[in-house]
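What follows is a single structure, written as structure tokens, with notes after it.
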Amino acid sequence: MAYRFGAFLVDRAGYRVLEGDRPVDLSPKLLDLLLHLLDNAGELVTKEALLDALWPGANVTDNALAQAVSELRLALGDQASAPTFIRTVARRGYRFVAPVERADDMATTRPTIPAEMPASTGTGRTIAV
């Protein structure tokens with residue numbers, strides 16, 4: 001499954017985000033947050049649901065979630081005051097508001113690498129990597 005919104009491609013299988021052909025540097029927690037919001041695009045995702053999904057069983061405050069959303073917005077070039085992607089629903093949670101294209105087999109730039117590819121050692125021997 002992959003998602004496309006704005007100039008971004010989120011490749012769930014590759015666990016990465018691209019802006020055009022440039023990788024976007026996101027921590028695993030921020031990528032999980034983005035995926036959770038994209039899975040529920042257009043719908044209110046409560047703070048409680050996000051806390052349970054991102055920090056299962058951990059005792060964290062709303063501040064940790066607010067900080068993660070702030071960092072994700074920064075990485076996407078979004079602003080809380082004029083949201084393009086993530087809108088805050090006061091005292092409730094967040095909503096991903098941009099149009100999202102979902103595709104099961106969306107082509108990405110990830111190369112396909114065979115399971116076994118011979119590598120030359122310069123000694124005439126072949127080593128499988």
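Within each chain, counting starts at residue 1; across the structure tokens, chains are named A, B, ... in the order shown, with ligands numbered 1 upward in that order.
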
Extract, using only C-alpha atoms, all DNA, RNA and protein residues at most 10 Å from A:Phe96, discarding same-chain residues fewer than 3 positions from it, and format them as a PDB file with N, CA, C and O atoms, in the first residue's frame.
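Generated output (part-v7.pdb):
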ATOM      1  N   LEU A  34       2.184   9.475  10.722  1.00  0.00           N
ATOM      2  CA  LEU A  34       1.700   9.826   9.391  1.00  0.00           C
ATOM      3  C   LEU A  34       0.866   8.693   8.797  1.00  0.00           C
ATOM      4  O   LEU A  34      -0.222   8.931   8.260  1.00  0.00           O
ATOM      5  N   HIS A  36      -0.805   6.390  10.363  1.00  0.00           N
ATOM      6  CA  HIS A  36      -2.080   6.276  11.083  1.00  0.00           C
ATOM      7  C   HIS A  36      -3.058   7.351  10.604  1.00  0.00           C
ATOM      8  O   HIS A  36      -4.241   7.072  10.400  1.00  0.00           O
ATOM      9  N   LEU A  37      -2.568   8.561  10.421  1.00  0.00           N
ATOM     10  CA  LEU A  37      -3.435   9.632   9.923  1.00  0.00           C
ATOM     11  C   LEU A  37      -3.886   9.350   8.487  1.00  0.00           C
ATOM     12  O   LEU A  37      -5.045   9.572   8.145  1.00  0.00           O
ATOM     13  N   LEU A  38      -2.995   8.846   7.649  1.00  0.00           N
ATOM     14  CA  LEU A  38      -3.354   8.536   6.264  1.00  0.00           C
ATOM     15  C   LEU A  38      -4.345   7.378   6.188  1.00  0.00           C
ATOM     16  O   LEU A  38      -5.244   7.386   5.341  1.00  0.00           O
ATOM     17  N   ASP A  39      -4.197   6.392   7.060  1.00  0.00           N
ATOM     18  CA  ASP A  39      -5.140   5.272   7.091  1.00  0.00           C
ATOM     19  C   ASP A  39      -6.557   5.755   7.386  1.00  0.00           C
ATOM     20  O   ASP A  39      -7.525   5.092   7.024  1.00  0.00           O
ATOM     21  N   ASN A  40      -6.648   6.891   8.061  1.00  0.00           N
ATOM     22  CA  ASN A  40      -7.938   7.452   8.469  1.00  0.00           C
ATOM     23  C   ASN A  40      -8.164   8.830   7.856  1.00  0.00           C
ATOM     24  O   ASN A  40      -8.824   9.684   8.467  1.00  0.00           O
ATOM     25  N   ALA A  41      -7.613   9.067   6.673  1.00  0.00           N
ATOM     26  CA  ALA A  41      -7.687  10.384   6.029  1.00  0.00           C
ATOM     27  C   ALA A  41      -9.119  10.875   5.957  1.00  0.00           C
ATOM     28  O   ALA A  41     -10.039  10.129   5.635  1.00  0.00           O
ATOM     29  N   GLY A  42      -9.292  12.155   6.306  1.00  0.00           N
ATOM     30  CA  GLY A  42     -10.596  12.783   6.265  1.00  0.00           C
ATOM     31  C   GLY A  42     -11.411  12.575   7.525  1.00  0.00           C
ATOM     32  O   GLY A  42     -12.420  13.238   7.737  1.00  0.00           O
ATOM     33  N   GLU A  43     -10.997  11.660   8.389  1.00  0.00           N
ATOM     34  CA  GLU A  43     -11.728  11.350   9.617  1.00  0.00           C
ATOM     35  C   GLU A  43     -10.993  11.911  10.828  1.00  0.00           C
ATOM     36  O   GLU A  43      -9.771  12.031  10.828  1.00  0.00           O
ATOM     37  N   LEU A  44     -11.749  12.224  11.863  1.00  0.00           N
ATOM     38  CA  LEU A  44     -11.145  12.627  13.128  1.00  0.00           C
ATOM     39  C   LEU A  44     -10.448  11.423  13.738  1.00  0.00           C
ATOM     40  O   LEU A  44     -11.038  10.348  13.871  1.00  0.00           O
ATOM     41  N   VAL A  45      -9.181  11.597  14.091  1.00  0.00           N
ATOM     42  CA  VAL A  45      -8.443  10.574  14.834  1.00  0.00           C
ATOM     43  C   VAL A  45      -8.211  11.173  16.215  1.00  0.00           C
ATOM     44  O   VAL A  45      -7.534  12.195  16.346  1.00  0.00           O
ATOM     45  N   PRO A  83      -3.426  24.895   7.956  1.00  0.00           N
ATOM     46  CA  PRO A  83      -3.062  23.518   7.619  1.00  0.00           C
ATOM     47  C   PRO A  83      -3.383  23.121   6.176  1.00  0.00           C
ATOM     48  O   PRO A  83      -4.460  23.410   5.679  1.00  0.00           O
ATOM     49  N   THR A  84      -2.420  22.508   5.561  1.00  0.00           N
ATOM     50  CA  THR A  84      -2.593  21.908   4.242  1.00  0.00           C
ATOM     51  C   THR A  84      -2.835  20.415   4.379  1.00  0.00           C
ATOM     52  O   THR A  84      -3.572  19.825   3.599  1.00  0.00           O
ATOM     53  N   PHE A  85      -2.206  19.811   5.381  1.00  0.00           N
ATOM     54  CA  PHE A  85      -2.262  18.362   5.553  1.00  0.00           C
ATOM     55  C   PHE A  85      -2.939  17.930   6.855  1.00  0.00           C
ATOM     56  O   PHE A  85      -3.821  17.081   6.842  1.00  0.00           O
ATOM     57  N   ILE A  86      -2.495  18.475   7.985  1.00  0.00           N
ATOM     58  CA  ILE A  86      -2.961  18.013   9.293  1.00  0.00           C
ATOM     59  C   ILE A  86      -3.665  19.152  10.020  1.00  0.00           C
ATOM     60  O   ILE A  86      -3.046  20.163  10.342  1.00  0.00           O
ATOM     61  N   ARG A  87      -4.945  18.961  10.278  1.00  0.00           N
ATOM     62  CA  ARG A  87      -5.737  19.967  11.003  1.00  0.00           C
ATOM     63  C   ARG A  87      -5.963  19.485  12.438  1.00  0.00           C
ATOM     64  O   ARG A  87      -6.318  18.333  12.669  1.00  0.00           O
ATOM     65  N   THR A  88      -5.754  20.389  13.387  1.00  0.00           N
ATOM     66  CA  THR A  88      -6.049  20.106  14.785  1.00  0.00           C
ATOM     67  C   THR A  88      -7.537  20.297  15.031  1.00  0.00           C
ATOM     68  O   THR A  88      -8.116  21.291  14.598  1.00  0.00           O
ATOM     69  N   PRO A  99      -6.303  15.871  -0.010  1.00  0.00           N
ATOM     70  CA  PRO A  99      -6.714  14.718  -0.824  1.00  0.00           C
ATOM     71  C   PRO A  99      -5.602  13.674  -0.839  1.00  0.00           C
ATOM     72  O   PRO A  99      -4.425  14.008  -0.964  1.00  0.00           O
ATOM     73  N   VAL A 100      -6.002  12.410  -0.693  1.00  0.00           N
ATOM     74  CA  VAL A 100      -5.041  11.308  -0.632  1.00  0.00           C
ATOM     75  C   VAL A 100      -5.393  10.291  -1.695  1.00  0.00           C
ATOM     76  O   VAL A 100      -6.536   9.871  -1.817  1.00  0.00           O
TER      77      VAL A 100
END

Please, which residues of stretch 38-105 of chain A, numbered as in this document, come out helix (DSSP H, G or I) from DSSP, as a list in words?
Leu38, Asp39, Lys47, Glu48, Ala49, Leu50, Leu51, Asp52, Ala53, Leu54, Asp62, Asn63, Ala64, Leu65, Ala66, Gln67, Ala68, Val69, Ser70, Glu71, Leu72, Arg73, Leu74, Ala75 and Leu76 of chain A

Residues just named, written with N, CA, C and O atoms as an mmCIF file, in the first residue's frame:
data_model
loop_
_atom_site.group_PDB
_atom_site.id
_atom_site.type_symbol
_atom_site.label_atom_id
_atom_site.label_comp_id
_atom_site.auth_asym_id
_atom_site.auth_seq_id
_atom_site.Cartn_x
_atom_site.Cartn_y
_atom_site.Cartn_z
ATOM 1 N N LEU A 38 -2.995 8.846 7.649
ATOM 2 C CA LEU A 38 -3.354 8.536 6.264
ATOM 3 C C LEU A 38 -4.345 7.378 6.188
ATOM 4 O O LEU A 38 -5.244 7.386 5.341
ATOM 5 N N ASP A 39 -4.197 6.392 7.060
ATOM 6 C CA ASP A 39 -5.140 5.272 7.091
ATOM 7 C C ASP A 39 -6.557 5.755 7.386
ATOM 8 O O ASP A 39 -7.525 5.092 7.024
ATOM 9 N N LYS A 47 -7.030 11.910 20.065
ATOM 10 C CA LYS A 47 -5.741 11.882 20.749
ATOM 11 C C LYS A 47 -5.526 10.519 21.394
ATOM 12 O O LYS A 47 -4.426 9.961 21.326
ATOM 13 N N GLU A 48 -6.582 9.991 21.999
ATOM 14 C CA GLU A 48 -6.483 8.696 22.681
ATOM 15 C C GLU A 48 -6.114 7.583 21.706
ATOM 16 O O GLU A 48 -5.276 6.728 22.010
ATOM 17 N N ALA A 49 -6.738 7.597 20.537
ATOM 18 C CA ALA A 49 -6.430 6.574 19.529
ATOM 19 C C ALA A 49 -4.983 6.676 19.071
ATOM 20 O O ALA A 49 -4.301 5.659 18.897
ATOM 21 N N LEU A 50 -4.497 7.900 18.883
ATOM 22 C CA LEU A 50 -3.107 8.086 18.457
ATOM 23 C C LEU A 50 -2.133 7.684 19.561
ATOM 24 O O LEU A 50 -1.122 7.024 19.286
ATOM 25 N N LEU A 51 -2.428 8.059 20.795
ATOM 26 C CA LEU A 51 -1.558 7.674 21.905
ATOM 27 C C LEU A 51 -1.494 6.155 22.036
ATOM 28 O O LEU A 51 -0.410 5.587 22.218
ATOM 29 N N ASP A 52 -2.641 5.489 21.911
ATOM 30 C CA ASP A 52 -2.676 4.020 21.996
ATOM 31 C C ASP A 52 -1.922 3.366 20.846
ATOM 32 O O ASP A 52 -1.250 2.345 21.024
ATOM 33 N N ALA A 53 -2.040 3.944 19.647
ATOM 34 C CA ALA A 53 -1.382 3.364 18.467
ATOM 35 C C ALA A 53 0.127 3.595 18.479
ATOM 36 O O ALA A 53 0.895 2.713 18.091
ATOM 37 N N LEU A 54 0.559 4.774 18.932
ATOM 38 C CA LEU A 54 1.976 5.134 18.845
ATOM 39 C C LEU A 54 2.781 4.761 20.081
ATOM 40 O O LEU A 54 3.976 4.499 19.984
ATOM 41 N N ASP A 62 -0.422 14.202 26.487
ATOM 42 C CA ASP A 62 -0.821 14.829 25.222
ATOM 43 C C ASP A 62 0.310 15.665 24.638
ATOM 44 O O ASP A 62 0.375 15.853 23.429
ATOM 45 N N ASN A 63 1.196 16.160 25.507
ATOM 46 C CA ASN A 63 2.316 16.980 25.028
ATOM 47 C C ASN A 63 3.240 16.199 24.097
ATOM 48 O O ASN A 63 3.768 16.756 23.138
ATOM 49 N N ALA A 64 3.448 14.921 24.383
ATOM 50 C CA ALA A 64 4.292 14.093 23.517
ATOM 51 C C ALA A 64 3.669 13.978 22.131
ATOM 52 O O ALA A 64 4.362 14.066 21.109
ATOM 53 N N LEU A 65 2.360 13.798 22.091
ATOM 54 C CA LEU A 65 1.657 13.712 20.813
ATOM 55 C C LEU A 65 1.699 15.053 20.088
ATOM 56 O O LEU A 65 1.976 15.104 18.886
ATOM 57 N N ALA A 66 1.444 16.135 20.798
ATOM 58 C CA ALA A 66 1.480 17.465 20.185
ATOM 59 C C ALA A 66 2.858 17.760 19.604
ATOM 60 O O ALA A 66 2.977 18.327 18.510
ATOM 61 N N GLN A 67 3.916 17.347 20.312
ATOM 62 C CA GLN A 67 5.282 17.548 19.821
ATOM 63 C C GLN A 67 5.524 16.723 18.553
ATOM 64 O O GLN A 67 6.112 17.205 17.588
ATOM 65 N N ALA A 68 5.049 15.480 18.542
ATOM 66 C CA ALA A 68 5.212 14.631 17.357
ATOM 67 C C ALA A 68 4.474 15.214 16.164
ATOM 68 O O ALA A 68 5.006 15.248 15.044
ATOM 69 N N VAL A 69 3.253 15.694 16.370
ATOM 70 C CA VAL A 69 2.486 16.310 15.276
ATOM 71 C C VAL A 69 3.203 17.554 14.778
ATOM 72 O O VAL A 69 3.298 17.793 13.570
ATOM 73 N N SER A 70 3.741 18.347 15.693
ATOM 74 C CA SER A 70 4.482 19.552 15.320
ATOM 75 C C SER A 70 5.700 19.211 14.462
ATOM 76 O O SER A 70 5.965 19.861 13.437
ATOM 77 N N GLU A 71 6.441 18.180 14.848
ATOM 78 C CA GLU A 71 7.618 17.751 14.085
ATOM 79 C C GLU A 71 7.212 17.208 12.716
ATOM 80 O O GLU A 71 7.901 17.455 11.718
ATOM 81 N N LEU A 72 6.113 16.473 12.658
ATOM 82 C CA LEU A 72 5.633 15.951 11.378
ATOM 83 C C LEU A 72 5.215 17.092 10.465
ATOM 84 O O LEU A 72 5.544 17.094 9.275
ATOM 85 N N ARG A 73 4.503 18.068 11.008
ATOM 86 C CA ARG A 73 4.109 19.234 10.205
ATOM 87 C C ARG A 73 5.343 19.938 9.646
ATOM 88 O O ARG A 73 5.355 20.330 8.477
ATOM 89 N N LEU A 74 6.345 20.118 10.470
ATOM 90 C CA LEU A 74 7.579 20.772 10.036
ATOM 91 C C LEU A 74 8.217 20.002 8.879
ATOM 92 O O LEU A 74 8.619 20.588 7.870
ATOM 93 N N ALA A 75 8.282 18.684 8.998
ATOM 94 C CA ALA A 75 8.887 17.854 7.956
ATOM 95 C C ALA A 75 8.108 17.931 6.642
ATOM 96 O O ALA A 75 8.683 17.832 5.558
ATOM 97 N N LEU A 76 6.781 18.118 6.740
ATOM 98 C CA LEU A 76 5.935 18.178 5.547
ATOM 99 C C LEU A 76 5.755 19.604 5.030
ATOM 100 O O LEU A 76 5.113 19.814 4.003
#

Find, counting only C-alpha atoms, the residue in A:Ala90, A:Leu30, A:Val97, A:Leu35 that gets nearest to A:Arg12.
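Once distances to A:Arg12 are computed over only C-alpha atoms, the minimum belongs to A:Leu35.
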
DSSP strand (DSSP E or B) residues within chain A, listed as a ChimeraX atom specification:
/A:2-5,8-11,16-19,22-23,44-46,86-89,93-96,101-103,118-120,126-128

Could you please take those selected residues and save N, CA, C and O atoms as a short mmCIF file (atom, residue, chain, number, x, y, z; two decimals), in the first residue's frame?
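As written to disk, result06.cif reads:
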data_model
loop_
_atom_site.label_atom_id
_atom_site.label_comp_id
_atom_site.auth_asym_id
_atom_site.auth_seq_id
_atom_site.Cartn_x
_atom_site.Cartn_y
_atom_site.Cartn_z
N ALA A 2 0.51 2.18 -0.78
CA ALA A 2 1.21 3.46 -0.84
C ALA A 2 0.18 4.57 -0.87
O ALA A 2 -0.98 4.36 -1.25
N TYR A 3 0.59 5.72 -0.42
CA TYR A 3 -0.27 6.90 -0.42
C TYR A 3 0.45 8.03 -1.14
O TYR A 3 1.66 8.18 -1.00
N ARG A 4 -0.32 8.83 -1.87
CA ARG A 4 0.23 10.02 -2.49
C ARG A 4 -0.65 11.20 -2.09
O ARG A 4 -1.87 11.14 -2.15
N PHE A 5 -0.01 12.27 -1.63
CA PHE A 5 -0.70 13.52 -1.31
C PHE A 5 0.27 14.66 -1.57
O PHE A 5 1.46 14.53 -1.31
N PHE A 8 4.10 14.42 -2.05
CA PHE A 8 4.65 13.33 -1.25
C PHE A 8 4.12 11.97 -1.66
O PHE A 8 2.97 11.83 -2.06
N LEU A 9 4.99 10.98 -1.54
CA LEU A 9 4.65 9.57 -1.71
C LEU A 9 5.05 8.86 -0.43
O LEU A 9 6.20 8.97 0.01
N VAL A 10 4.11 8.18 0.19
CA VAL A 10 4.39 7.39 1.38
C VAL A 10 4.32 5.93 0.99
O VAL A 10 3.27 5.43 0.59
N ASP A 11 5.44 5.26 1.06
CA ASP A 11 5.58 3.86 0.67
C ASP A 11 5.57 3.01 1.94
O ASP A 11 6.57 2.95 2.66
N ARG A 16 8.99 4.42 4.04
CA ARG A 16 9.69 5.66 3.71
C ARG A 16 8.72 6.66 3.11
O ARG A 16 7.63 6.32 2.65
N VAL A 17 9.17 7.92 3.11
CA VAL A 17 8.41 9.01 2.52
C VAL A 17 9.33 9.72 1.54
O VAL A 17 10.49 10.00 1.85
N LEU A 18 8.79 10.00 0.36
CA LEU A 18 9.53 10.74 -0.65
C LEU A 18 8.78 12.03 -0.97
O LEU A 18 7.56 12.04 -1.06
N GLU A 19 9.53 13.10 -1.15
CA GLU A 19 8.98 14.34 -1.69
C GLU A 19 9.59 14.48 -3.07
O GLU A 19 10.77 14.81 -3.20
N ARG A 22 13.13 12.94 -3.56
CA ARG A 22 13.99 13.17 -2.40
C ARG A 22 13.39 12.52 -1.16
O ARG A 22 12.23 12.76 -0.82
N PRO A 23 14.17 11.69 -0.45
CA PRO A 23 13.68 11.08 0.79
C PRO A 23 13.43 12.15 1.85
O PRO A 23 14.19 13.11 1.97
N LEU A 44 -11.75 12.22 11.86
CA LEU A 44 -11.14 12.63 13.13
C LEU A 44 -10.45 11.42 13.74
O LEU A 44 -11.04 10.35 13.87
N VAL A 45 -9.18 11.60 14.09
CA VAL A 45 -8.44 10.57 14.83
C VAL A 45 -8.21 11.17 16.22
O VAL A 45 -7.53 12.19 16.35
N THR A 46 -8.79 10.56 17.23
CA THR A 46 -8.71 11.12 18.57
C THR A 46 -7.30 11.04 19.13
O THR A 46 -6.50 10.18 18.72
N ILE A 86 -2.49 18.48 7.99
CA ILE A 86 -2.96 18.01 9.29
C ILE A 86 -3.67 19.15 10.02
O ILE A 86 -3.05 20.16 10.34
N ARG A 87 -4.94 18.96 10.28
CA ARG A 87 -5.74 19.97 11.00
C ARG A 87 -5.96 19.48 12.44
O ARG A 87 -6.32 18.33 12.67
N THR A 88 -5.75 20.39 13.39
CA THR A 88 -6.05 20.11 14.78
C THR A 88 -7.54 20.30 15.03
O THR A 88 -8.12 21.29 14.60
N VAL A 89 -8.15 19.34 15.70
CA VAL A 89 -9.53 19.46 16.15
C VAL A 89 -9.43 19.68 17.66
O VAL A 89 -9.09 18.76 18.40
N GLY A 93 -8.49 15.83 18.74
CA GLY A 93 -7.49 15.07 18.02
C GLY A 93 -7.05 15.77 16.75
O GLY A 93 -6.94 16.99 16.71
N TYR A 94 -6.87 14.97 15.68
CA TYR A 94 -6.32 15.49 14.43
C TYR A 94 -7.04 14.86 13.26
O TYR A 94 -7.58 13.76 13.35
N ARG A 95 -7.02 15.58 12.13
CA ARG A 95 -7.63 15.09 10.90
C ARG A 95 -6.67 15.38 9.75
O ARG A 95 -6.17 16.49 9.63
N PHE A 96 -6.41 14.35 8.91
CA PHE A 96 -5.63 14.56 7.69
C PHE A 96 -6.59 15.09 6.64
O PHE A 96 -7.54 14.40 6.26
N GLU A 101 -4.39 9.90 -2.47
CA GLU A 101 -4.55 8.83 -3.46
C GLU A 101 -3.97 7.56 -2.84
O GLU A 101 -2.83 7.54 -2.38
N ARG A 102 -4.77 6.51 -2.82
CA ARG A 102 -4.32 5.22 -2.28
C ARG A 102 -4.12 4.26 -3.44
O ARG A 102 -4.93 4.20 -4.35
N ALA A 103 -3.04 3.49 -3.36
CA ALA A 103 -2.78 2.51 -4.41
C ALA A 103 -2.07 1.30 -3.81
O ALA A 103 -1.14 1.45 -3.04
N PRO A 118 25.68 -12.61 -7.55
CA PRO A 118 27.11 -12.87 -7.40
C PRO A 118 27.90 -11.57 -7.34
O PRO A 118 27.59 -10.61 -8.01
N ALA A 119 28.92 -11.57 -6.48
CA ALA A 119 29.80 -10.41 -6.37
C ALA A 119 31.22 -10.87 -6.61
O ALA A 119 31.66 -11.88 -6.07
N SER A 120 31.92 -10.13 -7.39
CA SER A 120 33.30 -10.48 -7.70
C SER A 120 34.22 -9.99 -6.61
O SER A 120 34.09 -8.87 -6.12
N THR A 126 33.54 -16.29 -6.79
CA THR A 126 32.25 -15.59 -6.70
C THR A 126 31.67 -15.81 -5.31
O THR A 126 31.66 -16.94 -4.82
N ILE A 127 31.18 -14.73 -4.73
CA ILE A 127 30.58 -14.80 -3.40
C ILE A 127 29.14 -14.35 -3.53
O ILE A 127 28.86 -13.31 -4.09
N ALA A 128 28.21 -15.15 -3.00
CA ALA A 128 26.79 -14.77 -3.01
C ALA A 128 26.54 -13.85 -1.83
O ALA A 128 26.95 -14.14 -0.71
#

What gap, in Å, lies between atom CA of A:Lys29 and atom CA of A:Met1?
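Value for the atom CA of A:Lys29-atom CA of A:Met1 distance: 18.6 Å.
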